[in-house]
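query.cif (mmCIF, C-alpha atoms)
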```
data_work
loop_
_atom_site.label_atom_id
_atom_site.label_comp_id
_atom_site.auth_asym_id
_atom_site.auth_seq_id
_atom_site.Cartn_x
_atom_site.Cartn_y
_atom_site.Cartn_z
CA MET D 1 137.17 105.14 101.27
CA TYR D 2 139.65 104.23 98.55
CA SER D 3 140.69 100.65 97.82
CA GLN D 4 144.14 99.08 97.81
CA THR D 5 144.04 99.27 94.00
CA ASP D 6 143.45 103.02 94.26
CA GLU D 7 146.32 103.22 96.73
CA ILE D 8 148.85 101.47 94.51
CA CYS D 9 147.91 103.63 91.53
CA ILE D 10 148.37 106.74 93.66
CA TYR D 11 151.71 105.45 94.95
CA ILE D 12 153.01 104.78 91.43
CA SER D 13 152.00 108.23 90.22
CA PHE D 14 153.43 109.99 93.26
CA ALA D 15 156.68 108.01 93.30
CA SER D 16 157.20 108.54 89.55
CA LEU D 17 156.58 112.26 89.95
CA LEU D 18 159.09 112.56 92.79
CA ALA D 19 161.68 110.40 91.01
CA GLY D 20 161.30 112.47 87.86
CA GLN D 21 162.09 115.57 89.90
CA GLY D 22 165.18 113.94 91.39
CA GLU D 23 163.64 113.60 94.85
CA ASP D 24 164.38 110.85 97.36
CA ILE D 25 161.66 108.17 97.27
CA SER D 26 163.19 105.75 99.77
CA PHE D 27 160.44 106.53 102.29
CA LEU D 28 157.90 105.11 99.82
CA GLN D 29 159.78 101.89 99.09
CA PRO D 30 158.55 99.70 101.97
CA ARG D 31 154.88 100.28 101.21
CA LEU D 32 155.46 99.97 97.45
CA GLU D 33 157.08 96.58 97.94
CA GLU D 34 154.13 95.43 100.04
CA LEU D 35 151.58 96.63 97.49
CA PHE D 36 153.44 95.01 94.60
CA GLU D 37 153.40 91.50 96.03
CA GLU D 38 152.27 89.04 93.41
CA LYS D 39 149.39 87.79 95.57
CA TYR D 40 147.60 91.13 95.06
CA MET D 41 147.85 91.14 91.26
CA PRO D 42 144.61 89.19 90.61
CA GLN D 43 142.75 91.79 92.67
CA TYR D 44 144.29 94.66 90.72
CA GLU D 45 143.50 92.88 87.45
CA ARG D 46 139.85 92.41 88.41
CA GLU D 47 139.40 95.99 89.54
CA LEU D 48 141.38 97.69 86.77
CA GLY D 49 139.99 95.57 83.94
CA PRO D 50 141.34 96.73 80.55
CA ASP D 51 143.62 99.25 82.28
CA PHE D 52 145.59 96.49 84.01
CA LEU D 53 148.12 96.11 81.20
CA GLN D 54 148.97 99.82 81.30
CA PHE D 55 149.19 99.57 85.08
CA LEU D 56 151.77 96.78 84.73
CA LYS D 57 153.74 98.77 82.18
CA ASP D 58 153.76 101.84 84.43
CA TRP D 59 154.80 99.72 87.39
CA ILE D 60 157.66 97.89 85.65
CA HIS D 61 158.87 101.14 84.08
CA PHE D 62 158.99 102.67 87.54
CA ILE D 63 160.76 99.65 89.06
CA SER D 64 163.32 99.41 86.24
CA ILE D 65 163.92 103.05 85.33
CA GLU D 66 162.20 105.79 87.31
CA ARG D 67 163.34 104.84 90.79
CA TYR D 68 167.01 105.15 89.80
CA LYS D 69 166.83 108.57 88.19
CA ARG D 70 168.35 110.46 91.10
CA ASP D 71 171.06 107.86 91.73
CA GLY D 72 173.27 108.46 88.69
CA ALA D 73 175.27 105.73 86.99
CA ILE D 74 175.16 102.05 87.92
CA TYR D 75 178.52 102.23 89.68
CA GLN D 76 177.06 104.93 91.93
CA ILE D 77 173.93 102.92 92.64
CA LYS D 78 176.04 99.89 93.54
CA LYS D 79 178.79 101.92 95.24
CA VAL D 80 181.55 100.49 93.07
CA ASP D 81 185.04 101.92 93.51
CA LEU D 82 186.19 102.52 89.92
CA GLN D 83 189.82 102.50 91.04
CA GLU D 84 189.53 98.88 92.11
CA LEU D 85 188.11 97.55 88.83
CA LYS D 86 190.08 94.96 86.88
CA HIS D 87 190.62 95.23 83.12
CA ASN D 88 192.21 91.86 82.45
CA SER D 89 189.54 90.27 80.28
CA PRO D 90 186.95 91.35 77.70
CA LEU D 91 184.28 90.78 80.35
CA ASP D 92 186.13 93.04 82.78
CA GLN D 93 186.37 95.75 80.14
CA TRP D 94 182.71 95.41 79.19
CA PHE D 95 181.64 95.58 82.84
CA SER D 96 183.73 98.69 83.50
CA GLN D 97 181.98 100.44 80.61
CA VAL D 98 178.44 99.31 81.42
CA ILE D 99 178.51 100.50 85.02
CA LEU D 100 179.35 104.02 83.87
CA LYS D 101 175.85 104.22 82.36
CA PRO D 102 172.62 105.23 84.06
CA VAL D 103 170.04 102.45 84.11
CA ASP D 104 167.92 104.14 81.45
CA GLY D 105 170.98 104.24 79.16
CA LEU D 106 171.37 100.46 78.94
CA PHE D 107 170.94 98.87 75.51
CA VAL D 108 168.96 95.66 75.06
CA GLY D 109 172.14 93.70 74.33
CA GLU D 110 173.71 94.97 77.54
CA ILE D 111 170.69 93.95 79.60
CA ALA D 112 170.78 90.51 77.98
CA ARG D 113 174.46 90.10 78.83
CA MET D 114 173.87 91.23 82.42
CA LEU D 115 171.29 88.47 82.69
CA ARG D 116 173.57 85.84 81.16
CA GLN D 117 176.43 86.84 83.46
CA GLU D 118 174.05 87.27 86.44
CA ILE D 119 175.30 90.78 87.08
CA TYR D 120 173.07 93.05 89.20
CA LEU D 121 169.93 91.02 88.59
CA ASP D 122 167.92 93.43 90.73
CA ILE D 123 168.49 95.93 87.92
CA ALA D 124 168.65 93.60 84.92
CA ILE D 125 165.47 91.57 85.51
CA PRO D 126 163.07 94.56 85.78
CA CYS D 127 164.81 96.19 82.80
CA ALA D 128 164.29 93.02 80.78
CA TRP D 129 160.57 92.92 81.63
CA ASN D 130 160.28 96.60 80.76
CA GLU D 131 161.77 95.98 77.32
CA LEU D 132 159.81 92.79 76.64
CA LEU D 133 156.44 94.34 77.49
CA ASN D 134 157.17 96.97 74.85
CA ASP D 135 158.79 94.67 72.28
CA PRO D 136 158.57 90.89 72.89
CA PHE D 137 160.94 90.25 69.98
CA CYS D 138 163.75 92.54 71.11
CA GLY D 139 167.37 91.49 70.90
CA GLU D 140 170.69 92.78 69.63
CA MET D 141 171.99 89.63 67.93
CA TYR D 142 168.69 87.96 67.02
CA ASP D 143 164.93 88.20 67.61
CA GLY D 144 164.17 86.88 71.07
CA GLU D 145 167.68 87.28 72.52
CA LEU D 146 166.46 89.12 75.61
CA LEU D 147 163.69 86.56 76.13
CA VAL D 148 166.21 83.71 75.99
CA SER D 149 168.47 85.46 78.49
CA LEU D 150 165.59 86.12 80.89
CA THR D 151 164.46 82.49 80.57
CA GLY D 152 167.89 81.33 81.72
CA VAL D 153 167.85 83.56 84.79
CA LEU D 154 164.29 82.73 85.81
CA SER D 155 165.04 79.03 85.39
CA ASP D 156 167.79 79.35 88.00
CA HIS D 157 165.97 81.88 90.20
CA PRO D 158 162.30 80.78 90.39
CA GLN D 159 161.60 83.28 93.18
CA GLU D 160 161.97 86.05 90.58
CA ARG D 161 159.12 84.80 88.37
CA ARG D 162 156.14 87.16 88.16
CA HIS D 163 153.05 85.50 86.72
CA SER D 164 151.27 88.79 86.14
CA LEU D 165 154.11 90.04 83.95
CA TYR D 166 154.26 86.72 82.12
CA ARG D 167 150.55 86.88 81.28
CA ALA D 168 150.95 90.43 79.96
CA PHE D 169 153.94 89.36 77.86
CA SER D 170 152.18 86.26 76.56
CA GLY D 171 149.12 88.25 75.53
CA LYS D 172 151.27 90.73 73.62
CA VAL D 173 153.15 87.96 71.79
CA GLU D 174 149.90 86.31 70.74
CA ARG D 175 148.60 89.60 69.33
CA HIS D 176 151.76 90.48 67.40
CA ILE D 177 153.41 87.26 66.26
CA GLU D 178 151.48 87.04 63.00
CA ALA D 179 152.25 90.62 62.02
CA HIS D 180 155.94 90.45 62.90
CA GLU D 181 158.32 90.51 59.94
CA TRP D 182 160.29 87.26 59.93
CA ALA D 183 163.37 86.66 57.80
CA ASP D 184 162.14 83.12 57.10
CA ALA D 185 160.04 80.32 58.57
CA GLY D 186 163.01 79.05 60.56
CA GLU D 187 163.37 82.35 62.41
CA ARG D 188 159.74 82.24 63.45
CA ALA D 189 160.05 78.61 64.55
CA ASP D 190 163.07 79.49 66.67
CA PHE D 191 161.19 82.34 68.33
CA GLU D 192 158.17 80.15 69.03
CA LYS D 193 160.54 77.68 70.73
CA TYR D 194 161.93 80.51 72.89
CA VAL D 195 158.40 81.46 73.92
CA ALA D 196 157.52 77.84 74.69
CA ASP D 197 160.62 77.45 76.87
CA PHE D 198 159.80 80.69 78.69
CA SER D 199 156.15 79.69 79.17
CA SER D 200 157.12 76.32 80.60
CA LEU D 201 158.69 78.07 83.61
CA PHE D 202 155.32 79.46 84.57
CA MET D 203 153.12 76.52 83.57
CA LEU D 204 154.97 74.30 86.03
CA HIS D 205 153.41 76.29 88.88
CA GLU D 206 149.94 77.01 87.52
#
```
Write out the structure in this file as C-alpha cells.
Amino acid sequence: MYSQTDEICIYISFASLLAGQGEDISFLQPRLEELFEEKYMPQYERELGPDFLQFLKDWIHFISIERYKRDGAIYQIKKVDLQELKHNSPLDQWFSQVILKPVDGLFVGEIARMLRQEIYLDIAIPCAWNELLNDPFCGEMYDGELLVSLTGVLSDHPQERRHSLYRAFSGKVERHIEAHEWADAGERADFEKYVADFSSLFMLHE
C-alpha cells in the first residue's frame, strides 16, 4: 500500500510527463489540488526528509510552467480577444505584449510587474515562487525586486500565502546571503529589509 506522499510524487511525475508531451491534464487537476493543500505539507516534509526541497521545486515548477505547456500564449490561456485590446497607455501596450508570450517565456521583470499590477495572479504568484526558489535575489531593476513585488501581493491576499514555500525560500536565503556579491553594504541592508518584511507576513500566523 502506498502512502499519500507516494501518491503526490507519482501525480507530479505523471502530470509533468503528460504536460511535456502536450497532453491534456485537466482530469488530474482536481486530485492534484486536493493533494497540494497546505495542511498536508508537514506530512510530506516528514516523510520525504532531505528530498522535500526538491519536491517543492518540482511542484512549483509544475504549477507555474509545466501545466500550461499545451495552452500556448497567455492570451490563449485567458481567452483574451486581441482585437479588443486597448493601446492608449504604456501599461496597455506592455500588457498587449506580455500576453503574447507563453508562461515559460516571461522575464523576471514581467512577473514582478504582473504582481504589482495584480494581473493574472494565478499565473504570476506561482511563477514568482518558482523564480525565488531558484534565485532569492532575482530582479530586473535591483536585487530583491521580485521578492518585494510578491510581498505586496501576499500582504493584500493572505489566502495565497504558502508556509511550506516560505520555509524553503527562507532556508535558501540563509544559506546564500553571505556568499552573494553585493555592490555595497547598503544594498545588502536593503535586501535584508525586504526579507524581513516578507517574513513578517508569515510570522503573524505562526
Using only C-alpha atoms: which of D:Lys69, D:Arg188, D:Arg162, D:His87 has the shortest distance to D:Gln21:
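With only C-alpha atoms as the atom set, the closest residue is D:Lys69.
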Considering all atoms listed in the file, return as JSON, numbers by chain whatever protein or nucleic-acid residues lie within 12 Å of D:Leu132, sequence-local ones (same chain, fewer than 2 positions apart) excluded.
{"D": [57, 60, 61, 108, 111, 112, 125, 126, 127, 128, 129, 130, 134, 135, 136, 137, 138, 139, 143, 144, 145, 146, 147, 148, 149, 150, 151, 165, 166, 167, 168, 169, 170, 171, 172, 173, 195]}
Between atom CA of D:Ile177 and atom CA of D:Glu110 - distance in Å to one decimal:
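Result for atom CA of D:Glu110 versus atom CA of D:Ile177: 24.5 Å, one decimal.
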For D:Tyr194, which residue out of D:Glu7, D:Tyr142, D:His176, D:Ile74 is the nearest one, using only C-alpha atoms?
D:Tyr142
So which residues get picked by the PyMOL selection byres ((chain D and resi 72) around 12) here, written as JSON, numbers by chain?
{"D": [19, 22, 65, 66, 67, 68, 69, 70, 71, 73, 74, 75, 76, 77, 78, 79, 99, 100, 101, 102, 103, 104, 105]}
Suppose a student applies the PyMOL selection byres ((chain D and resi 26-39) around 9) to this structure; what residues should they get, written as an MDAnalysis selection string?
chainID D and resid 4:5 7:8 11:12 15 24:25 40:43 59 162:164
Within 12 Å of (155.7, 80.1, 63.0), all atoms listed in the file: residues as a PyMOL selection string?
chain D and resi 174+176-195
What does the distance between atom CA of D:His157 and atom CA of D:Leu115 come to in Å, to one decimal place?
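Going from atom CA of D:His157 over to atom CA of D:Leu115 covers 11.3 Å.
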Please define a box with edges along x, y and z of the file around all atoms of stretch 102-120 of chain D given in the file, extend it by 8 Å on each side, and return its centre and edge lengths in Å to one decimal, as JSON.
```
{"center_x": 172.2, "center_y": 95.5, "center_z": 81.8, "size_x": 24.5, "size_y": 35.4, "size_z": 30.9}
```
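One finds atom CA of D:Phe107 at 20.7 Å from atom CA of D:Gly20.
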Counting all atoms listed in the file, the residue of D:Leu85, D:Phe55, D:Pro50, D:Ile63 that sits nearest D:Ile10
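Under the stated criterion, the closest residue is D:Phe55.
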Taking only C-alpha atoms into account, name the residue in D:Met141, D:Ile123, D:Leu56, D:Met114 that is nearest to D:Cys9.
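Of D:Met141, D:Ile123, D:Leu56, D:Met114, the one nearest D:Cys9, counting only C-alpha atoms, is D:Leu56.
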Using all atoms listed in the file: which of D:Glu140, D:Asp51, D:Asp197, D:Glu45 has the shortest distance to D:Arg113
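Residue with the minimum atom-to-atom distance to D:Arg113: D:Glu140.
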Would you mind telling me which residue in D:Leu18, D:Leu48, D:Ala196, D:Val80 lies nearest to D:Phe62 when using only C-alpha atoms?
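Among the listed residues, the smallest separation from D:Phe62 belongs to D:Leu18.
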Here's a test: counting all atoms listed in the file, identify every protein, DNA and RNA residue with an atom at most 9 Å from (159.2, 79.7, 82.2) in the file's coordinate frame, and state them as JSON, numbers by chain.
{"D": [151, 152, 154, 155, 158, 161, 166, 195, 196, 197, 198, 199, 200, 201, 202, 203, 204]}
